[in-house]
>>> print(open('final13.cif').read())   # mmCIF, C-alpha atoms
data_upload
#
loop_
_atom_site.group_PDB
_atom_site.id
_atom_site.type_symbol
_atom_site.label_atom_id
_atom_site.label_comp_id
_atom_site.auth_asym_id
_atom_site.auth_seq_id
_atom_site.Cartn_x
_atom_site.Cartn_y
_atom_site.Cartn_z
ATOM 1 C CA MET A 1 97.280 183.820 126.315
ATOM 2 C CA GLY A 2 94.448 185.486 128.197
ATOM 3 C CA TYR A 3 96.868 187.187 130.537
ATOM 4 C CA PHE A 4 98.854 188.479 127.583
ATOM 5 C CA ILE A 5 95.785 189.941 125.812
ATOM 6 C CA ASP A 6 94.583 191.658 128.956
ATOM 7 C CA PHE A 7 98.077 192.978 129.628
ATOM 8 C CA ILE A 8 98.114 194.633 126.174
ATOM 9 C CA ALA A 9 94.595 195.989 126.781
ATOM 10 C CA ILE A 10 95.590 197.516 130.123
ATOM 11 C CA ILE A 11 98.686 199.103 128.563
ATOM 12 C CA LEU A 12 96.592 200.628 125.752
ATOM 13 C CA ILE A 13 93.930 201.962 128.122
ATOM 14 C CA LEU A 14 96.475 203.513 130.491
ATOM 15 C CA SER A 15 98.369 205.191 127.648
ATOM 16 C CA GLY A 16 95.074 206.538 126.338
ATOM 17 C CA LEU A 17 94.320 208.002 129.745
ATOM 18 C CA THR A 18 97.766 209.615 129.743
ATOM 19 C CA PHE A 19 97.076 211.295 126.414
ATOM 20 C CA PHE A 20 93.668 212.429 127.624
ATOM 21 C CA PHE A 21 95.331 213.924 130.694
ATOM 22 C CA GLY A 22 97.550 215.925 128.330
ATOM 23 C CA ALA A 23 94.539 217.039 126.322
ATOM 24 C CA ALA A 24 92.685 218.132 129.447
ATOM 25 C CA VAL A 25 95.629 220.103 130.831
ATOM 26 C CA GLY A 26 96.215 221.722 127.437
ATOM 27 C CA LEU A 27 92.562 222.604 127.106
ATOM 28 C CA MET A 28 92.619 224.302 130.466
ATOM 29 C CA ARG A 29 96.032 225.967 130.469
ATOM 30 C CA LEU A 30 97.028 227.012 126.945
ATOM 31 C CA PRO A 31 96.860 230.729 126.184
ATOM 32 C CA ASP A 32 95.305 230.886 122.745
ATOM 33 C CA PHE A 33 92.231 229.643 120.940
ATOM 34 C CA TYR A 34 94.288 227.863 118.288
ATOM 35 C CA THR A 35 96.646 226.192 120.737
ATOM 36 C CA ARG A 36 93.701 224.968 122.770
ATOM 37 C CA MET A 37 92.243 223.620 119.525
ATOM 38 C CA HIS A 38 95.553 221.818 118.882
ATOM 39 C CA ALA A 39 95.497 220.167 122.301
ATOM 40 C CA ALA A 40 91.845 219.223 122.027
ATOM 41 C CA GLY A 41 92.036 217.794 118.521
ATOM 42 C CA LYS A 42 95.161 215.681 118.806
ATOM 43 C CA GLY A 43 94.958 214.538 122.392
ATOM 44 C CA ASP A 44 91.271 213.752 122.231
ATOM 45 C CA THR A 45 91.554 211.733 119.015
ATOM 46 C CA LEU A 46 94.576 209.707 120.063
ATOM 47 C CA SER A 47 93.307 208.969 123.565
ATOM 48 C CA THR A 48 89.933 207.840 122.225
ATOM 49 C CA LEU A 49 91.620 205.562 119.708
ATOM 50 C CA LEU A 50 93.890 204.001 122.326
ATOM 51 C CA ILE A 51 91.169 203.433 124.927
ATOM 52 C CA LEU A 52 88.754 201.943 122.404
ATOM 53 C CA ALA A 53 91.496 199.715 120.962
ATOM 54 C CA GLY A 54 92.174 198.482 124.475
ATOM 55 C CA PHE A 55 88.527 197.636 124.988
ATOM 56 C CA ALA A 56 88.356 195.922 121.592
ATOM 57 C CA ILE A 57 91.326 193.714 122.487
ATOM 58 C CA HIS A 58 89.812 192.999 125.875
ATOM 59 C CA GLU A 59 86.587 191.972 124.179
ATOM 60 C CA LEU A 60 88.438 189.112 122.491
ATOM 61 C CA ASN A 61 89.175 187.753 125.946
ATOM 62 C CA THR A 62 85.631 187.702 127.300
ATOM 63 C CA MET A 63 83.756 184.866 125.707
ATOM 64 C CA GLY A 64 80.586 185.557 127.657
ATOM 65 C CA GLN A 65 77.145 184.022 127.804
ATOM 66 C CA LEU A 66 76.479 184.834 124.186
ATOM 67 C CA GLY A 67 79.407 183.012 122.653
ATOM 68 C CA ALA A 68 82.490 183.783 120.618
ATOM 69 C CA VAL A 69 80.681 185.129 117.541
ATOM 70 C CA VAL A 70 79.094 187.960 119.532
ATOM 71 C CA SER A 71 82.464 188.866 121.018
ATOM 72 C CA VAL A 72 84.099 189.080 117.593
ATOM 73 C CA VAL A 73 81.194 191.159 116.243
ATOM 74 C CA VAL A 74 81.404 193.521 119.221
ATOM 75 C CA MET A 75 85.147 193.824 118.698
ATOM 76 C CA PHE A 76 84.614 194.840 115.090
ATOM 77 C CA LYS A 77 81.943 197.346 116.151
ATOM 78 C CA ILE A 78 84.362 198.961 118.607
ATOM 79 C CA LEU A 79 86.996 199.081 115.859
ATOM 80 C CA ALA A 80 84.362 200.712 113.613
ATOM 81 C CA ILE A 81 83.877 203.393 116.277
ATOM 82 C CA CYS A 82 87.680 203.792 116.272
ATOM 83 C CA VAL A 83 87.780 204.360 112.515
ATOM 84 C CA PHE A 84 84.787 206.677 112.669
ATOM 85 C CA ILE A 85 86.314 208.858 115.381
ATOM 86 C CA MET A 86 89.677 208.825 113.609
ATOM 87 C CA VAL A 87 87.977 210.319 110.537
ATOM 88 C CA THR A 88 85.468 212.674 112.142
ATOM 89 C CA SER A 89 87.279 214.212 115.093
ATOM 90 C CA PRO A 90 90.036 215.961 113.050
ATOM 91 C CA THR A 91 87.395 216.945 110.501
ATOM 92 C CA SER A 92 85.237 218.688 113.063
ATOM 93 C CA THR A 93 88.269 220.304 114.681
ATOM 94 C CA HIS A 94 89.401 221.637 111.301
ATOM 95 C CA ALA A 95 85.948 222.965 110.476
ATOM 96 C CA LEU A 96 85.671 224.679 113.846
ATOM 97 C CA MET A 97 89.134 226.197 113.426
ATOM 98 C CA GLU A 98 88.168 227.643 110.039
ATOM 99 C CA ALA A 99 84.961 228.990 111.519
ATOM 100 C CA GLY A 100 86.876 230.576 114.372
ATOM 101 C CA TYR A 101 89.412 232.226 112.099
ATOM 102 C CA GLU A 102 86.774 233.632 109.795
ATOM 103 C CA ASP A 103 84.807 234.751 112.814
ATOM 104 C CA GLY A 104 87.697 237.075 113.648
ATOM 105 C CA ILE A 105 89.390 235.379 116.602
ATOM 106 C CA GLU A 106 92.920 236.746 116.756
ATOM 107 C CA PRO A 107 95.712 234.194 117.008
ATOM 108 C CA LEU A 108 98.900 234.761 118.907
ATOM 109 C CA ILE A 109 101.295 236.798 116.817
ATOM 110 C CA ASP A 110 105.033 236.374 116.597
ATOM 111 C CA LYS A 111 107.601 238.963 117.598
ATOM 112 C CA ASP A 112 107.271 240.878 114.329
ATOM 113 C CA GLY A 113 103.549 241.259 114.678
ATOM 114 C CA VAL A 114 102.812 238.920 111.812
ATOM 115 C CA ASP A 115 99.624 236.910 111.850
ATOM 116 C CA CYS A 116 101.052 233.499 110.928
ATOM 117 C CA LEU A 117 97.766 232.060 109.741
ATOM 118 C CA ALA A 118 96.984 234.842 107.293
ATOM 119 C CA GLU A 119 99.057 233.502 104.427
ATOM 120 C CA ASP A 120 96.866 230.416 104.279
ATOM 121 C CA PHE A 121 93.632 232.335 104.167
ATOM 122 C CA LEU A 122 94.656 235.626 102.543
ATOM 123 C CA PRO A 123 97.599 234.821 100.249
ATOM 124 C CA GLY A 124 100.116 237.614 99.855
ATOM 125 C CA GLN A 125 99.060 239.954 102.595
ATOM 126 C CA ALA A 126 100.985 238.574 105.529
ATOM 127 C CA VAL A 127 104.064 237.926 103.413
ATOM 128 C CA ARG A 128 104.179 241.567 102.413
ATOM 129 C CA SER A 129 104.330 242.787 105.979
ATOM 130 C CA ARG A 130 107.175 240.464 106.914
ATOM 131 C CA PRO A 131 110.714 241.800 106.485
ATOM 132 C CA ALA A 132 112.878 240.121 103.876
ATOM 133 C CA GLY A 133 115.200 237.371 105.028
ATOM 134 C CA GLN A 134 113.041 236.563 108.022
ATOM 135 C CA LYS A 135 112.201 232.970 108.617
ATOM 136 C CA SER A 136 108.536 232.317 108.236
ATOM 137 C CA ARG A 137 106.284 230.753 110.872
ATOM 138 C CA GLU A 138 108.105 231.090 114.098
ATOM 139 C CA LEU A 139 106.210 231.855 117.210
ATOM 140 C CA MET B 1 79.781 197.293 144.648
ATOM 141 C CA THR B 2 82.333 195.305 142.699
ATOM 142 C CA ALA B 3 81.162 192.072 144.297
ATOM 143 C CA LEU B 4 77.560 193.000 143.512
ATOM 144 C CA LEU B 5 78.327 193.654 139.866
ATOM 145 C CA ALA B 6 80.473 190.571 139.509
ATOM 146 C CA ALA B 7 77.833 188.383 141.147
ATOM 147 C CA GLY B 8 75.238 189.342 138.581
ATOM 148 C CA ASN B 9 77.403 189.014 135.517
ATOM 149 C CA SER B 10 80.223 186.755 136.490
ATOM 150 C CA ALA B 11 80.313 184.834 133.234
ATOM 151 C CA ALA B 12 80.468 188.001 131.164
ATOM 152 C CA SER B 13 83.186 189.852 133.018
ATOM 153 C CA ASP B 14 85.513 187.058 134.005
ATOM 154 C CA GLY B 15 88.476 186.204 131.907
ATOM 155 C CA PRO B 16 89.202 182.623 130.989
ATOM 156 C CA SER B 17 91.702 182.369 133.790
ATOM 157 C CA GLY B 18 89.317 183.417 136.507
ATOM 158 C CA TYR B 19 90.567 186.925 137.274
ATOM 159 C CA ASP B 20 88.409 190.010 136.966
ATOM 160 C CA LEU B 21 88.974 193.439 135.483
ATOM 161 C CA THR B 22 85.766 195.058 136.795
ATOM 162 C CA THR B 23 87.504 197.121 139.458
ATOM 163 C CA PHE B 24 90.050 198.333 136.920
ATOM 164 C CA PHE B 25 87.260 199.424 134.583
ATOM 165 C CA ILE B 26 85.452 201.262 137.392
ATOM 166 C CA VAL B 27 88.678 203.135 138.184
ATOM 167 C CA ILE B 28 89.143 203.939 134.469
ATOM 168 C CA GLY B 29 85.605 205.332 134.259
ATOM 169 C CA VAL B 30 86.089 207.506 137.332
ATOM 170 C CA ILE B 31 89.399 208.857 135.969
ATOM 171 C CA LEU B 32 87.748 209.634 132.620
ATOM 172 C CA PHE B 33 84.963 211.495 134.390
ATOM 173 C CA VAL B 34 87.430 213.471 136.517
ATOM 174 C CA LEU B 35 89.469 214.401 133.431
ATOM 175 C CA MET B 36 86.332 215.764 131.775
ATOM 176 C CA ILE B 37 86.203 218.521 134.402
ATOM 177 C CA PRO B 38 88.881 220.762 132.729
ATOM 178 C CA ALA B 39 86.868 220.574 129.516
ATOM 179 C CA LEU B 40 83.769 221.619 131.450
ATOM 180 C CA TYR B 41 85.803 224.463 132.948
ATOM 181 C CA ARG B 42 86.578 225.591 129.394
ATOM 182 C CA VAL B 43 82.884 225.314 128.511
ATOM 183 C CA VAL B 44 81.978 227.623 131.377
ATOM 184 C CA MET B 45 84.899 230.063 131.218
ATOM 185 C CA GLY B 46 85.751 230.016 127.504
ATOM 186 C CA PRO B 47 86.274 233.464 126.058
ATOM 187 C CA THR B 48 84.872 232.641 122.628
ATOM 188 C CA ALA B 49 81.921 230.562 121.514
ATOM 189 C CA ILE B 50 84.070 228.120 119.540
ATOM 190 C CA ASP B 51 86.113 227.299 122.635
ATOM 191 C CA ARG B 52 82.902 226.137 124.200
ATOM 192 C CA ILE B 53 81.945 224.121 121.125
ATOM 193 C CA VAL B 54 85.342 222.394 120.968
ATOM 194 C CA SER B 55 85.143 221.520 124.649
ATOM 195 C CA VAL B 56 81.636 220.137 124.213
ATOM 196 C CA ASN B 57 83.021 218.067 121.319
ATOM 197 C CA VAL B 58 85.774 216.665 123.566
ATOM 198 C CA VAL B 59 83.280 215.856 126.326
ATOM 199 C CA GLY B 60 80.979 214.161 123.819
ATOM 200 C CA THR B 61 83.757 211.979 122.413
ATOM 201 C CA LYS B 62 84.786 210.958 125.910
ATOM 202 C CA THR B 63 81.162 210.181 126.704
ATOM 203 C CA ALA B 64 81.146 207.677 123.855
ATOM 204 C CA VAL B 65 84.205 206.064 125.447
ATOM 205 C CA LEU B 66 82.557 206.156 128.868
ATOM 206 C CA ILE B 67 79.495 204.344 127.515
ATOM 207 C CA ILE B 68 81.818 201.511 126.387
ATOM 208 C CA VAL B 69 83.405 201.488 129.857
ATOM 209 C CA ILE B 70 79.973 201.233 131.519
ATOM 210 C CA GLY B 71 79.058 198.411 129.162
ATOM 211 C CA SER B 72 82.232 196.557 130.098
ATOM 212 C CA ILE B 73 81.529 197.022 133.798
ATOM 213 C CA LEU B 74 77.970 195.711 133.446
ATOM 214 C CA GLY B 75 79.027 192.935 131.060
ATOM 215 C CA LYS B 76 76.720 194.105 128.271
ATOM 216 C CA VAL B 77 79.093 195.597 125.702
ATOM 217 C CA HIS B 78 77.088 194.056 122.853
ATOM 218 C CA MET B 79 74.247 196.427 123.728
ATOM 219 C CA TYR B 80 76.180 199.531 124.752
ATOM 220 C CA VAL B 81 78.431 199.606 121.693
ATOM 221 C CA ASP B 82 75.510 200.668 119.498
ATOM 222 C CA PHE B 83 74.726 203.515 121.877
ATOM 223 C CA ALA B 84 78.330 204.651 121.688
ATOM 224 C CA LEU B 85 78.321 204.564 117.879
ATOM 225 C CA ALA B 86 75.128 206.630 117.699
ATOM 226 C CA TYR B 87 76.467 209.066 120.278
ATOM 227 C CA ALA B 88 79.716 209.612 118.364
ATOM 228 C CA LEU B 89 77.786 210.191 115.127
ATOM 229 C CA LEU B 90 75.431 212.727 116.700
ATOM 230 C CA ASN B 91 78.390 214.492 118.315
ATOM 231 C CA PHE B 92 80.092 214.870 114.934
ATOM 232 C CA ILE B 93 76.908 216.149 113.284
ATOM 233 C CA GLY B 94 76.393 218.672 116.071
ATOM 234 C CA SER B 95 79.880 220.157 115.995
ATOM 235 C CA LEU B 96 79.888 220.313 112.181
ATOM 236 C CA ALA B 97 76.526 222.089 112.173
ATOM 237 C CA ALA B 98 77.821 224.607 114.734
ATOM 238 C CA SER B 99 80.923 225.288 112.635
ATOM 239 C CA ARG B 100 78.804 225.833 109.520
ATOM 240 C CA TYR B 101 76.555 228.173 111.444
ATOM 241 C CA LEU B 102 79.443 230.284 112.675
ATOM 242 C CA ARG B 103 81.209 230.730 109.333
ATOM 243 C CA LYS B 104 80.844 234.016 107.560
ATOM 244 C CA THR B 105 81.599 232.827 104.028
ATOM 245 C CA ARG B 106 79.727 230.249 102.030
ATOM 246 C CA PRO B 107 80.415 226.672 103.061
ATOM 247 C CA MET B 108 81.567 224.960 99.861
ATOM 248 C CA GLY B 109 84.175 227.408 98.583
ATOM 249 C CA GLY B 110 82.689 228.342 95.215
ATOM 250 C CA GLY B 111 81.223 231.814 95.071
ATOM 251 C CA ALA B 112 82.400 232.862 98.483
ATOM 252 C CA GLU B 113 82.359 236.561 99.203
ATOM 253 C CA PRO B 114 85.778 237.902 100.151
ATOM 254 C CA ILE B 115 86.764 238.173 103.771
ATOM 255 C CA PRO B 116 87.111 241.772 104.976
ATOM 256 C CA THR B 117 90.827 242.372 105.087
ATOM 257 C CA GLY B 118 91.165 244.954 107.833
ATOM 258 C CA THR B 119 90.015 242.689 110.606
ATOM 259 C CA THR B 120 92.529 239.875 110.614
ATOM 260 C CA VAL B 121 96.093 241.050 110.105
ATOM 261 C CA SER B 122 97.630 243.286 112.749
ATOM 262 C CA SER B 123 100.984 244.354 111.400
ATOM 263 C CA GLU B 124 101.754 247.651 113.121
ATOM 264 C CA ASP B 125 104.890 246.315 114.767
ATOM 265 C CA ALA B 126 106.475 245.069 111.542
ATOM 266 C CA SER B 127 109.744 246.869 110.987
#
>>> encode(input="final13.cif", output="structure tokens")
Amino acid sequence: MGYFIDFIAIILILSGLTFFFGAAVGLMRLPDFYTRMHAAGKGDTLSTLLILAGFAIHELNTMGQLGAVVSVVVMFKILAICVFIMVTSPTSTHALMEAGYEDGIEPLIDKDGVDCLAEDFLPGQAVRSRPAGQKSREL
Amino acid sequence: MTALLAAGNSAASDGPSGYDLTTFFIVIGVILFVLMIPALYRVVMGPTAIDRIVSVNVVGTKTAVLIIVIGSILGKVHMYVDFALAYALLNFIGSLAASRYLRKTRPMGGGAEPIPTGTTVSSEDAS
């Protein structure tokens, strides 16, 4: 049983490191502010959740000097950090993206020169400059 | 170093079957630290200020994870988990405060002044 729990923990931690590798490469290599924000928000949140879930499962397996009750409490604290990061990391990414757009950072534009974010923030203006029959939101 | 750490805290870091994951956790911590370097590159080289703030947010979240890893290596997760929780909370407060500082309009939506329209949409190429 202990081998099985630690096997699941190792799988979770390694998959979390894989997602964090993707987030790091995306944060360094992507061309645009908004695409870098995409890589940072999603990869960072998911990798943190997976790594902390792995450590929470591993904590069930270490009944240390302080007994089983402390291990269960620590596991629930790590799961509380998981829930907290799952709520707050997309929130802060969204708030920073709004701040960046209203600060005037230009996103990548598609081949018609249409700012694809403008119809969320300024309704009607970007739709007017797009030719009729064109599919919306393709980059 | 692994033998030194395991000698001090053998009861805390051993599994019930006698094997040890301390070396694995040290390797995980080193890999996490190495993967923070692209985010630090974006902090240094980022063209806009919000790139830097997002990268600092990523590094702060990973630091909360790294504190848990250090606690698991030392066998004192019951102490380090509170540090990680406080660090994640302060990281969230910091990035949210920076985003509110950098916004031009009012924060809560009601009574916001309109965004100047000439600055955002570039539609000269639209045919």
>>> residues_around(input="final13.cif", residues="region 78-94 of chain B", least_positions_apart="2", cutoff="7 Å", atoms="all atoms listed in the file", output="ChimeraX atom specification")
/A:74,77-78,81,88,92 /B:57,60-61,64,67-68,71,76,96-98
>>> resolve_selection(input="final13.cif", expression="the PyMOL selection byres ((chain A and resi 36) around 10)", output="ChimeraX atom specification")
/A:23-35,37-41 /B:42,51,54-55
>>> resolve_selection(input="final13.cif", expression="the PyMOL selection byres ((chain A and resi 55) around 12)", output="PDB file with C-alpha atoms, in the coordinates of the input")
ATOM      1  CA  ILE A   5      95.785 189.941 125.812  1.00  0.00           C
ATOM      2  CA  ASP A   6      94.583 191.658 128.956  1.00  0.00           C
ATOM      3  CA  PHE A   7      98.077 192.978 129.628  1.00  0.00           C
ATOM      4  CA  ILE A   8      98.114 194.633 126.174  1.00  0.00           C
ATOM      5  CA  ALA A   9      94.595 195.989 126.781  1.00  0.00           C
ATOM      6  CA  ILE A  10      95.590 197.516 130.123  1.00  0.00           C
ATOM      7  CA  ILE A  11      98.686 199.103 128.563  1.00  0.00           C
ATOM      8  CA  LEU A  12      96.592 200.628 125.752  1.00  0.00           C
ATOM      9  CA  ILE A  13      93.930 201.962 128.122  1.00  0.00           C
ATOM     10  CA  LEU A  14      96.475 203.513 130.491  1.00  0.00           C
ATOM     11  CA  GLY A  16      95.074 206.538 126.338  1.00  0.00           C
ATOM     12  CA  THR A  48      89.933 207.840 122.225  1.00  0.00           C
ATOM     13  CA  LEU A  49      91.620 205.562 119.708  1.00  0.00           C
ATOM     14  CA  LEU A  50      93.890 204.001 122.326  1.00  0.00           C
ATOM     15  CA  ILE A  51      91.169 203.433 124.927  1.00  0.00           C
ATOM     16  CA  LEU A  52      88.754 201.943 122.404  1.00  0.00           C
ATOM     17  CA  ALA A  53      91.496 199.715 120.962  1.00  0.00           C
ATOM     18  CA  GLY A  54      92.174 198.482 124.475  1.00  0.00           C
ATOM     19  CA  ALA A  56      88.356 195.922 121.592  1.00  0.00           C
ATOM     20  CA  ILE A  57      91.326 193.714 122.487  1.00  0.00           C
ATOM     21  CA  HIS A  58      89.812 192.999 125.875  1.00  0.00           C
ATOM     22  CA  GLU A  59      86.587 191.972 124.179  1.00  0.00           C
ATOM     23  CA  LEU A  60      88.438 189.112 122.491  1.00  0.00           C
ATOM     24  CA  ASN A  61      89.175 187.753 125.946  1.00  0.00           C
ATOM     25  CA  THR A  62      85.631 187.702 127.300  1.00  0.00           C
ATOM     26  CA  SER A  71      82.464 188.866 121.018  1.00  0.00           C
ATOM     27  CA  VAL A  74      81.404 193.521 119.221  1.00  0.00           C
ATOM     28  CA  MET A  75      85.147 193.824 118.698  1.00  0.00           C
ATOM     29  CA  PHE A  76      84.614 194.840 115.090  1.00  0.00           C
ATOM     30  CA  LYS A  77      81.943 197.346 116.151  1.00  0.00           C
ATOM     31  CA  ILE A  78      84.362 198.961 118.607  1.00  0.00           C
ATOM     32  CA  LEU A  79      86.996 199.081 115.859  1.00  0.00           C
ATOM     33  CA  ILE A  81      83.877 203.393 116.277  1.00  0.00           C
ATOM     34  CA  CYS A  82      87.680 203.792 116.272  1.00  0.00           C
TER      35      CYS A  82
ATOM     36  CA  LEU B  21      88.974 193.439 135.483  1.00  0.00           C
ATOM     37  CA  PHE B  25      87.260 199.424 134.583  1.00  0.00           C
ATOM     38  CA  ILE B  28      89.143 203.939 134.469  1.00  0.00           C
ATOM     39  CA  VAL B  65      84.205 206.064 125.447  1.00  0.00           C
ATOM     40  CA  LEU B  66      82.557 206.156 128.868  1.00  0.00           C
ATOM     41  CA  ILE B  67      79.495 204.344 127.515  1.00  0.00           C
ATOM     42  CA  ILE B  68      81.818 201.511 126.387  1.00  0.00           C
ATOM     43  CA  VAL B  69      83.405 201.488 129.857  1.00  0.00           C
ATOM     44  CA  ILE B  70      79.973 201.233 131.519  1.00  0.00           C
ATOM     45  CA  GLY B  71      79.058 198.411 129.162  1.00  0.00           C
ATOM     46  CA  SER B  72      82.232 196.557 130.098  1.00  0.00           C
ATOM     47  CA  ILE B  73      81.529 197.022 133.798  1.00  0.00           C
ATOM     48  CA  VAL B  77      79.093 195.597 125.702  1.00  0.00           C
ATOM     49  CA  VAL B  81      78.431 199.606 121.693  1.00  0.00           C
TER      50      VAL B  81
END
>>> closest_residue(input="final13.cif", among="B:Leu74, B:Ile50, B:Ile26, B:Val58", to="Arg103 (chain B)", atoms="all atoms listed in the file")
B:Ile50
>>> axis_aligned_box(input="final13.cif", around="region 36-45 of chain B", padding_each_side="4 Å", output="AutoDock Vina command-line options")
--center_x 85.4 --center_y 222.9 --center_z 131.5 --size_x 14.9 --size_y 22.3 --size_z 13.9
>>> closest_residue(input="final13.cif", among="B:Leu40, B:Leu102, B:Val27, B:Val59", to="chain A", atoms="all atoms listed in the file")
B:Leu102
>>> atom_distance(input="final13.cif", atom1="CA of Val34 (chain B)", atom2="CA of Ser95 (chain B)")
22.9 Å
>>> atom_distance(input="final13.cif", atom1="CA of Gly46 (chain B)", atom2="CA of Val87 (chain A)")
26.1 Å
>>> closest_residue(input="final13.cif", among="B:Gly75, B:Ser99, B:Leu35, B:Thr23", to="Arg52 (chain B)", atoms="only C-alpha atoms")
B:Ser99
>>> atom_distance(input="final13.cif", atom1="CA of Gly43 (chain A)", atom2="CA of Phe19 (chain A)")
5.6 Å
>>> closest_residue(input="final13.cif", among="B:Tyr101, B:Met36, B:Phe24, B:Val43", to="Lys62 (chain B)", atoms="all atoms listed in the file")
B:Met36
>>> decode(input="final13.cif", residues="region 51-65 of chain A", atoms="N, CA and C atoms", output="PDB file, in the first residue's frame")
ATOM      1  N   ILE A  51       1.894  19.195  -8.372  1.00  0.00           N
ATOM      2  CA  ILE A  51       3.027  18.950  -7.462  1.00  0.00           C
ATOM      3  C   ILE A  51       2.537  18.940  -6.018  1.00  0.00           C
ATOM      4  N   LEU A  52       1.661  19.881  -5.672  1.00  0.00           N
ATOM      5  CA  LEU A  52       1.176  19.916  -4.291  1.00  0.00           C
ATOM      6  C   LEU A  52       0.265  18.730  -3.986  1.00  0.00           C
ATOM      7  N   ALA A  53      -0.487  18.256  -4.972  1.00  0.00           N
ATOM      8  CA  ALA A  53      -1.295  17.044  -4.752  1.00  0.00           C
ATOM      9  C   ALA A  53      -0.402  15.838  -4.539  1.00  0.00           C
ATOM     10  N   GLY A  54       0.711  15.785  -5.266  1.00  0.00           N
ATOM     11  CA  GLY A  54       1.665  14.705  -5.044  1.00  0.00           C
ATOM     12  C   GLY A  54       2.247  14.729  -3.651  1.00  0.00           C
ATOM     13  N   PHE A  55       2.591  15.927  -3.169  1.00  0.00           N
ATOM     14  CA  PHE A  55       3.137  16.004  -1.815  1.00  0.00           C
ATOM     15  C   PHE A  55       2.078  15.715  -0.761  1.00  0.00           C
ATOM     16  N   ALA A  56       0.829  16.061  -1.030  1.00  0.00           N
ATOM     17  CA  ALA A  56      -0.241  15.759  -0.074  1.00  0.00           C
ATOM     18  C   ALA A  56      -0.472  14.257   0.027  1.00  0.00           C
ATOM     19  N   ILE A  57      -0.395  13.560  -1.121  1.00  0.00           N
ATOM     20  CA  ILE A  57      -0.568  12.103  -1.087  1.00  0.00           C
ATOM     21  C   ILE A  57       0.621  11.448  -0.414  1.00  0.00           C
ATOM     22  N   HIS A  58       1.812  12.016  -0.672  1.00  0.00           N
ATOM     23  CA  HIS A  58       2.997  11.456  -0.016  1.00  0.00           C
ATOM     24  C   HIS A  58       2.944  11.659   1.498  1.00  0.00           C
ATOM     25  N   GLU A  59       2.300  12.720   1.915  1.00  0.00           N
ATOM     26  CA  GLU A  59       2.231  13.006   3.352  1.00  0.00           C
ATOM     27  C   GLU A  59       1.393  11.968   4.101  1.00  0.00           C
ATOM     28  N   LEU A  60       0.459  11.334   3.385  1.00  0.00           N
ATOM     29  CA  LEU A  60      -0.286  10.232   4.005  1.00  0.00           C
ATOM     30  C   LEU A  60       0.612   9.053   4.344  1.00  0.00           C
ATOM     31  N   ASN A  61       1.723   8.951   3.624  1.00  0.00           N
ATOM     32  CA  ASN A  61       2.585   7.778   3.757  1.00  0.00           C
ATOM     33  C   ASN A  61       3.632   7.938   4.847  1.00  0.00           C
ATOM     34  N   THR A  62       3.889   9.170   5.266  1.00  0.00           N
ATOM     35  CA  THR A  62       4.923   9.388   6.276  1.00  0.00           C
ATOM     36  C   THR A  62       4.261   9.626   7.622  1.00  0.00           C
ATOM     37  N   MET A  63       4.107   8.587   8.375  1.00  0.00           N
ATOM     38  CA  MET A  63       3.617   8.745   9.737  1.00  0.00           C
ATOM     39  C   MET A  63       4.839   8.954  10.625  1.00  0.00           C
ATOM     40  N   GLY A  64       5.208  10.222  10.816  1.00  0.00           N
ATOM     41  CA  GLY A  64       6.501  10.538  11.410  1.00  0.00           C
ATOM     42  C   GLY A  64       6.482  10.476  12.921  1.00  0.00           C
ATOM     43  N   GLN A  65       7.357  11.306  13.510  1.00  0.00           N
ATOM     44  CA  GLN A  65       7.476  11.296  14.973  1.00  0.00           C
ATOM     45  C   GLN A  65       6.214  11.825  15.632  1.00  0.00           C
TER      46      GLN A  65
END
